[in-house]
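For reference, the structure is listed below as C-alpha cells.
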Amino acid sequence: MHRLSRSSRRPAAVRQSGLGLRARLRRDRVMLLLVLPGFLFFGVFHYVPLLGNVIVFQDYQPYLGFKESPWVGFGNFAVFAEPAFYGALLNTLKFAVLQLVLFFPAPIGLALLLNSIVSPKIKRFVQSVVYLPHFIGWVILISISQQLIGGTGLLPQLLGDIGLPRVDLMTSPGFFPWLVTLQLIWKDAGWGTIIYLAALLNIDTEHYEAAAIDGADRWRRLWHVTVPGIVPVTLLLLILNLGSILSVGFEQILLQRDAVGADAAEVLDTYVYFHGVLDGQWGPAAAVGLVKGVIGLVLILGANKIAHRFGHEGIYSK
Amino acid sequence: MSTSSQRVANRPLNRPPWMEAPSRAGLAVKTVVIAIVCLLVLYPFLNIVATSLAGESEITRRGGIIPLFPSEPTLAAYRTIFAGGVVSHALLVSAAVTVIGTALNMVVTIALAYGLSRPIVGGRFVLTSVLFTMLFGAGIIPNFLLVKALGMYDSYTSLIVPGLVSAFNFLVLRNFFQSIPAELLDSARIDGAGDLAILIRIVLPLSKAVLAVVALFYAVGHWNAFFNALLYLSDTGKWPLPLVLRLYVLQGQPVGGGTESPGEAVASIQAVQMAVVVVALIPILCVYPFLQRYFTKGVLTGAIKG
C-alpha cells in the first residue's frame, strides 16, 4: 500500500506540469544555467566548510591535511573546561545582554520619535542623517571614536580644561562593554528604524482617528494603537537577534582588543581567531566555533517555535 | 509641490485632523532631542575633517583638539598621504576590489535571484539550501582552511570569491523579481522573448531602484572589508584601505608618505591620521545622498517574508 502511494506520486507531479523531467529540464535550461554559478558558490563556500568541521575531532596539522591528521575523538572539547574559553564565553554573554537591553530598544524609540515628526521635509532630513553611520566601516568608526574620546582626543582634552581627570575611555577595561554598545547604537540604531517605520506606516490611520474620537489622548493612542502595531516586527527581530546572540560585534571587538586587553575584550569569535588561526590550535578553536554555530541554530529554531505557539509567524511559517 | 506656497500661515499642512497640536513644552523637548541626535551623528564627521585640515602648530598649541574649524587650514596632511606611499596604493586596491567585486556580486546574484524567482526544476531545493546558510555557518576556521586549500591565500581573489553572493541580498532581489506581474513576463514570452531577453529587457529595467540598493550594500561591504583581508592577506603590500587605516590610526604607526618635500609645512601625525579617515569616508559620502531614497524600498523587499 505504502509502496503504491509512493510510486504514484511522481506521475502525479508530472501530470500537474504536463511535462516529463527531461522536457522540464529542457524548458528551464536557461534558468538553470543562470542559477548554476550561485548554486556552486553556496555549495563550495557554505557547504564544503561544514564538512571541514571534521577537524573538530582531529589533532589537525596544516602540513598533514585532513586525511593524515590524527583523530582524537572528543579530545578537543577539553577546551570548554579552560579558563580562557570560560572568560570569552562570559564576556560574550555580557555583551549580548547589554546589547539586548540597550541596543535593541534604541531603534524602536528612535522610530517613534521620527514617526512623530509631522513635517515631511524635516523627517526626511533626520532619516538621511541617522541612516548614514550604518555605512561607515568599523575601522573608520573606531578611528573616529579614538579621535573623539581616545587618550589624545576631544573628550579628555575638554575634561582636562575644566579641571577633571583626563579619562581615556578607549583603553578602560571596565568601560569596554559600554563602549562597544554605545558604538553599536551610534552605528545602527538609525538604520534599525527603517523596519519599524515601515510597520508604523502600515498601521491604519482609521484606528488613530477612531481612538481620538473616543477621547484617547496621544499617550493612550501610543499605547493602544501604535505599540500593538509594531509588536509583530519587534518579535520577529528579537528572534532573528537570538540566532546571532553569540556573535557580538566580531570586527568591532577584534579591532579594540589590543587597547583594553584580552580579559575584557575576548569573545567567542575572537577566541576562535586568536587561538585557531594565529596560534594554530585548529581543533579546539574549530570546536568552539562549531558549538557556537549549533547553539545559534538551536536558539533560532526554538524561538521560532515559541513564536508559532503564540500565534505569530516568526521568521518562517510552518 | 509648488502648491506648498498656498499653505495657511502658522499651520503646517500635514497634521491629520484628529491629531491635536502638541503643547509648546512637548514640541520644545522633541526639537531638542532630535537636534541632539542629529548633532551626535554629524559632529564627529565635522571634527575629523577639521582635524585633518589643521596645521602642526595649531594642533600642538591646542593639544590635538580642533573642536570646530582650524584657524589656518592646510592640505599638508593630504599631501603627505598622497605622496605615492602606502595609502595611495591601498586606496587603489580598495577601489579596484570594490568595483570588480561588486560587478561580479551583481552578475551572480541577479542570475541566481532571477532563476529562482520562478518555478523551475529543482528550484525549491536550491532555494532551501541557500536559505539554510542564513541560519548556520561553518565558522571561521573551516572557511579559512578552504580558502587556503583553494590556493586563494594571499591573493586578491580571497577578497571577492568567498563573498560572491550574500544570501540577504539574494533574497532582496528574488522577492522583488517575484513581485513583477507574471502577465508582463508571459506576454513577452508570447512575443518570442527567451528567459535571458526577458531578464535583460524587462526585469532589470523595472528593478533599477532595488539593484542600486543591493549594489550599494555590496560596494560598501567591499570598501569597508577588514576581516577577510586580515585573514587572507599576509602580504602587507596587498593591503586594502581598512587595514592601512588600522595600522596608522589605531595602532599609531607613522605614515610614510614617500618623499617629504622640503620647505613644506609638516603635517602633524593626528592630522595625517584623520586625513586617512576622511579619504576612506569620501566615497561613501559621495554615493550616499543619491541612493538614500531607495533604502526603505530595498530593505523592506528583503526583510518582509523570506
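Numbering starts fresh at 1 for the residues of each chain in the C-alpha cells, the chains themselves are lettered A, B, ... in the order given, and ligands are numbered from 1 as they appear.
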#### Entry: At most 7 Å to chain A: residues in chain B, only C-alpha atoms, as an MDAnalysis selection string
chainID B and resid 14:15 18 38 41 44 64:65 108:109 111:112 115 120:121 126 130 133 135:139 141:143 146 162 165 195 220 224 227 242 245:246 249:250 277 292 296 300 306
### Message
DSSP on the backbone, helix (DSSP H, G or I) only: what residues of region 42-111 of chain A does that give? Format it as a ChimeraX atom specification.
### Response
/A:42-57,65-68,75-81,83-103,105-111
### Query
So which residues touch Ala262 (chain A) within 9 Å, counting only C-alpha atoms, skipping near sequence neighbours fewer than 5 positions away, as a ChimeraX atom specification?
/A:88,257,267
Written file, previous selection with all heavy atoms, as a PDB file, in the first residue's frame:
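Now in selection_23.pdb:
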```pdb
ATOM      1  N   ALA A  88      35.999  34.068  27.723  1.00  0.00           N
ATOM      2  CA  ALA A  88      35.449  34.536  26.441  1.00  0.00           C
ATOM      3  C   ALA A  88      33.937  34.358  26.420  1.00  0.00           C
ATOM      4  O   ALA A  88      33.198  35.231  25.960  1.00  0.00           O
ATOM      5  CB  ALA A  88      36.099  33.772  25.292  1.00  0.00           C
ATOM      6  N   ARG A 257      40.555  45.069  20.785  1.00  0.00           N
ATOM      7  CA  ARG A 257      41.003  44.118  21.809  1.00  0.00           C
ATOM      8  C   ARG A 257      42.376  44.499  22.354  1.00  0.00           C
ATOM      9  O   ARG A 257      42.619  44.411  23.551  1.00  0.00           O
ATOM     10  CB  ARG A 257      41.035  42.721  21.194  1.00  0.00           C
ATOM     11  CG  ARG A 257      41.417  41.599  22.143  1.00  0.00           C
ATOM     12  CD  ARG A 257      41.311  40.297  21.372  1.00  0.00           C
ATOM     13  NE  ARG A 257      41.779  39.130  22.083  1.00  0.00           N
ATOM     14  CZ  ARG A 257      43.039  38.709  22.087  1.00  0.00           C
ATOM     15  NH1 ARG A 257      43.957  39.410  21.468  1.00  0.00           N
ATOM     16  NH2 ARG A 257      43.369  37.600  22.714  1.00  0.00           N
ATOM     17  N   VAL A 267      35.924  37.596  23.087  1.00  0.00           N
ATOM     18  CA  VAL A 267      34.616  36.963  22.934  1.00  0.00           C
ATOM     19  C   VAL A 267      34.832  35.672  22.153  1.00  0.00           C
ATOM     20  O   VAL A 267      35.952  35.382  21.725  1.00  0.00           O
ATOM     21  CB  VAL A 267      33.612  37.885  22.209  1.00  0.00           C
ATOM     22  CG1 VAL A 267      33.220  39.050  23.087  1.00  0.00           C
ATOM     23  CG2 VAL A 267      34.162  38.357  20.890  1.00  0.00           C
TER      24      VAL A 267
END
```
#### Entry: Polymer residues at most 12 Å from Phe217 (chain B), only C-alpha atoms, same-chain spacing of 3 or more positions, as a PyMOL selection string
(chain A and resi 134-137) or (chain B and resi 98+101-102+105-106+165-166+168-170+172+210-214+220-225+284+287-288+291-292+294-295+298-299)
Could you please take those selected residues and save N, CA and C atoms as an mmCIF file, in the first residue's frame?
```cif
data_model
loop_
_atom_site.group_PDB
_atom_site.id
_atom_site.type_symbol
_atom_site.label_atom_id
_atom_site.label_comp_id
_atom_site.auth_asym_id
_atom_site.auth_seq_id
_atom_site.Cartn_x
_atom_site.Cartn_y
_atom_site.Cartn_z
ATOM 1 N N HIS A 134 25.426 53.665 9.441
ATOM 2 C CA HIS A 134 25.389 52.247 9.109
ATOM 3 C C HIS A 134 26.409 51.889 8.032
ATOM 4 N N PHE A 135 26.718 52.866 7.175
ATOM 5 C CA PHE A 135 27.610 52.584 6.045
ATOM 6 C C PHE A 135 29.075 52.848 6.365
ATOM 7 N N ILE A 136 29.323 53.277 7.563
ATOM 8 C CA ILE A 136 30.696 53.525 7.990
ATOM 9 C C ILE A 136 31.274 52.212 8.512
ATOM 10 N N GLY A 137 32.419 51.807 7.952
ATOM 11 C CA GLY A 137 33.028 50.559 8.397
ATOM 12 C C GLY A 137 33.554 50.663 9.820
ATOM 13 N N THR B 98 36.553 46.918 -4.904
ATOM 14 C CA THR B 98 35.156 47.330 -4.792
ATOM 15 C C THR B 98 34.455 47.268 -6.147
ATOM 16 N N GLY B 101 34.671 43.511 -7.577
ATOM 17 C CA GLY B 101 33.888 42.657 -6.687
ATOM 18 C C GLY B 101 32.399 42.914 -6.804
ATOM 19 N N THR B 102 32.017 44.180 -6.797
ATOM 20 C CA THR B 102 30.591 44.499 -6.869
ATOM 21 C C THR B 102 30.003 44.032 -8.202
ATOM 22 N N ASN B 105 29.575 40.322 -7.934
ATOM 23 C CA ASN B 105 28.470 40.091 -6.996
ATOM 24 C C ASN B 105 27.129 40.243 -7.704
ATOM 25 N N MET B 106 27.006 41.343 -8.427
ATOM 26 C CA MET B 106 25.720 41.661 -9.045
ATOM 27 C C MET B 106 25.351 40.631 -10.108
ATOM 28 N N VAL B 165 28.089 35.806 -3.237
ATOM 29 C CA VAL B 165 26.660 36.078 -3.099
ATOM 30 C C VAL B 165 26.337 36.196 -1.619
ATOM 31 N N SER B 166 25.636 37.261 -1.247
ATOM 32 C CA SER B 166 25.122 37.325 0.116
ATOM 33 C C SER B 166 23.676 36.846 0.078
ATOM 34 N N PHE B 168 21.293 37.447 2.002
ATOM 35 C CA PHE B 168 20.332 38.516 2.245
ATOM 36 C C PHE B 168 20.066 39.316 0.964
ATOM 37 N N ASN B 169 21.135 39.719 0.280
ATOM 38 C CA ASN B 169 20.953 40.481 -0.953
ATOM 39 C C ASN B 169 20.225 39.668 -2.011
ATOM 40 N N PHE B 170 20.535 38.370 -2.040
ATOM 41 C CA PHE B 170 19.836 37.482 -2.960
ATOM 42 C C PHE B 170 18.333 37.520 -2.688
ATOM 43 N N VAL B 172 16.594 39.890 -1.253
ATOM 44 C CA VAL B 172 16.040 41.180 -1.641
ATOM 45 C C VAL B 172 15.670 41.155 -3.123
ATOM 46 N N VAL B 210 15.972 48.785 -6.731
ATOM 47 C CA VAL B 210 16.435 47.709 -5.858
ATOM 48 C C VAL B 210 17.856 47.297 -6.231
ATOM 49 N N LEU B 211 18.147 47.271 -7.527
ATOM 50 C CA LEU B 211 19.512 46.931 -7.947
ATOM 51 C C LEU B 211 20.506 47.929 -7.385
ATOM 52 N N ALA B 212 20.113 49.207 -7.383
ATOM 53 C CA ALA B 212 21.011 50.234 -6.860
ATOM 54 C C ALA B 212 21.300 49.987 -5.384
ATOM 55 N N VAL B 213 20.263 49.652 -4.633
ATOM 56 C CA VAL B 213 20.454 49.421 -3.195
ATOM 57 C C VAL B 213 21.358 48.217 -2.955
ATOM 58 N N VAL B 214 21.078 47.127 -3.675
ATOM 59 C CA VAL B 214 21.878 45.915 -3.474
ATOM 60 C C VAL B 214 23.338 46.175 -3.873
ATOM 61 N N VAL B 220 29.679 48.882 -0.417
ATOM 62 C CA VAL B 220 30.086 49.331 0.914
ATOM 63 C C VAL B 220 30.784 48.197 1.650
ATOM 64 N N GLY B 221 30.269 46.990 1.478
ATOM 65 C CA GLY B 221 30.899 45.826 2.101
ATOM 66 C C GLY B 221 32.344 45.674 1.648
ATOM 67 N N HIS B 222 32.589 45.783 0.344
ATOM 68 C CA HIS B 222 33.954 45.654 -0.169
ATOM 69 C C HIS B 222 34.827 46.798 0.325
ATOM 70 N N TRP B 223 34.278 47.999 0.292
ATOM 71 C CA TRP B 223 35.055 49.169 0.658
ATOM 72 C C TRP B 223 35.494 49.091 2.126
ATOM 73 N N ASN B 224 34.603 48.591 2.964
ATOM 74 C CA ASN B 224 34.907 48.518 4.391
ATOM 75 C C ASN B 224 35.530 47.193 4.803
ATOM 76 N N ALA B 225 35.689 46.258 3.856
ATOM 77 C CA ALA B 225 36.092 44.896 4.214
ATOM 78 C C ALA B 225 37.391 44.901 4.986
ATOM 79 N N ILE B 284 31.899 56.931 0.356
ATOM 80 C CA ILE B 284 30.599 56.632 0.965
ATOM 81 C C ILE B 284 29.741 57.892 1.003
ATOM 82 N N VAL B 287 28.285 58.715 -2.652
ATOM 83 C CA VAL B 287 27.166 57.979 -3.251
ATOM 84 C C VAL B 287 25.930 58.010 -2.363
ATOM 85 N N TYR B 288 26.150 58.206 -1.069
ATOM 86 C CA TYR B 288 25.051 58.108 -0.115
ATOM 87 C C TYR B 288 23.828 58.954 -0.467
ATOM 88 N N LEU B 291 21.573 57.484 -3.253
ATOM 89 C CA LEU B 291 20.917 56.194 -3.083
ATOM 90 C C LEU B 291 20.001 56.164 -1.878
ATOM 91 N N GLN B 292 20.141 57.160 -1.017
ATOM 92 C CA GLN B 292 19.457 57.133 0.260
ATOM 93 C C GLN B 292 17.950 56.932 0.112
ATOM 94 N N TYR B 294 16.298 55.196 -1.845
ATOM 95 C CA TYR B 294 15.850 53.849 -2.216
ATOM 96 C C TYR B 294 15.902 52.862 -1.057
ATOM 97 N N PHE B 295 16.568 53.280 0.052
ATOM 98 C CA PHE B 295 16.827 52.314 1.113
ATOM 99 C C PHE B 295 15.603 51.570 1.586
ATOM 100 N N GLY B 298 14.383 48.987 -0.739
ATOM 101 C CA GLY B 298 15.289 47.857 -0.860
ATOM 102 C C GLY B 298 15.297 46.981 0.376
ATOM 103 N N VAL B 299 15.392 47.625 1.523
ATOM 104 C CA VAL B 299 15.479 46.857 2.757
ATOM 105 C C VAL B 299 14.195 46.084 2.999
#
```
### Query
Which residues come within 12 Å of Leu102 (chain A), counting only C-alpha atoms, excluding same-chain residues fewer than 2 positions away, as a PyMOL selection string?
chain A and resi 95-100+104-109+177-186+189
Hey, can you spit out that residue selection with N, CA, C and O atoms as a compact mmCIF listing (two decimals), in the first residue's frame?
```
# COMPACT_ATOMS: atom_id res chain seq x y z
N PHE A 95 28.25 41.08 26.79
CA PHE A 95 27.98 41.99 25.67
C PHE A 95 26.58 41.75 25.09
O PHE A 95 25.88 42.69 24.75
N ALA A 96 26.23 40.47 25.00
CA ALA A 96 24.94 40.14 24.39
C ALA A 96 23.79 40.71 25.21
O ALA A 96 22.85 41.30 24.66
N VAL A 97 23.87 40.56 26.53
CA VAL A 97 22.80 41.06 27.39
C VAL A 97 22.72 42.59 27.30
O VAL A 97 21.64 43.16 27.15
N LEU A 98 23.89 43.22 27.33
CA LEU A 98 23.92 44.68 27.26
C LEU A 98 23.31 45.17 25.94
O LEU A 98 22.57 46.16 25.90
N GLN A 99 23.64 44.47 24.87
CA GLN A 99 23.08 44.87 23.57
C GLN A 99 21.58 44.67 23.52
O GLN A 99 20.84 45.47 22.97
N LEU A 100 21.14 43.57 24.13
CA LEU A 100 19.70 43.28 24.13
C LEU A 100 18.95 44.35 24.90
O LEU A 100 17.87 44.79 24.51
N PHE A 104 18.90 46.98 21.45
CA PHE A 104 17.69 46.51 20.77
C PHE A 104 16.53 47.52 20.82
O PHE A 104 15.89 47.75 19.80
N PRO A 105 16.27 48.13 21.99
CA PRO A 105 15.14 49.07 22.01
C PRO A 105 15.44 50.40 21.34
O PRO A 105 14.50 51.14 21.01
N ALA A 106 16.73 50.72 21.11
CA ALA A 106 17.07 52.05 20.60
C ALA A 106 16.36 52.39 19.28
O ALA A 106 15.79 53.48 19.15
N PRO A 107 16.37 51.48 18.28
CA PRO A 107 15.68 51.83 17.03
C PRO A 107 14.18 52.02 17.22
O PRO A 107 13.56 52.83 16.52
N ILE A 108 13.59 51.31 18.19
CA ILE A 108 12.15 51.45 18.40
C ILE A 108 11.85 52.87 18.90
O ILE A 108 10.97 53.56 18.38
N GLY A 109 12.63 53.31 19.89
CA GLY A 109 12.43 54.66 20.41
C GLY A 109 12.66 55.71 19.35
O GLY A 109 11.85 56.63 19.18
N PRO A 177 32.51 47.19 27.80
CA PRO A 177 31.19 46.73 27.35
C PRO A 177 30.27 47.88 26.96
O PRO A 177 29.54 47.79 25.98
N TRP A 178 30.35 48.97 27.73
CA TRP A 178 29.51 50.13 27.40
C TRP A 178 29.98 50.79 26.12
O TRP A 178 29.17 51.21 25.29
N LEU A 179 31.29 50.87 25.96
CA LEU A 179 31.86 51.47 24.75
C LEU A 179 31.35 50.74 23.51
O LEU A 179 30.86 51.35 22.56
N VAL A 180 31.45 49.40 23.57
CA VAL A 180 31.04 48.59 22.43
C VAL A 180 29.55 48.81 22.13
O VAL A 180 29.14 48.98 20.99
N THR A 181 28.75 48.84 23.18
CA THR A 181 27.32 49.02 22.98
C THR A 181 26.99 50.41 22.44
O THR A 181 26.16 50.55 21.53
N LEU A 182 27.66 51.43 22.99
CA LEU A 182 27.40 52.79 22.52
C LEU A 182 27.80 52.95 21.05
O LEU A 182 27.09 53.58 20.26
N GLN A 183 28.94 52.36 20.69
CA GLN A 183 29.36 52.42 19.28
C GLN A 183 28.32 51.76 18.39
O GLN A 183 28.00 52.26 17.31
N LEU A 184 27.82 50.63 18.85
CA LEU A 184 26.82 49.92 18.05
C LEU A 184 25.55 50.75 17.89
O LEU A 184 24.96 50.82 16.81
N ILE A 185 25.16 51.42 18.98
CA ILE A 185 23.97 52.26 18.90
C ILE A 185 24.21 53.39 17.91
O ILE A 185 23.36 53.69 17.06
N TRP A 186 25.38 54.01 17.99
CA TRP A 186 25.69 55.11 17.06
C TRP A 186 25.61 54.62 15.62
O TRP A 186 25.08 55.27 14.73
N ALA A 189 21.51 52.14 15.26
CA ALA A 189 20.18 52.43 15.78
C ALA A 189 19.33 53.11 14.70
O ALA A 189 18.16 52.78 14.51
```
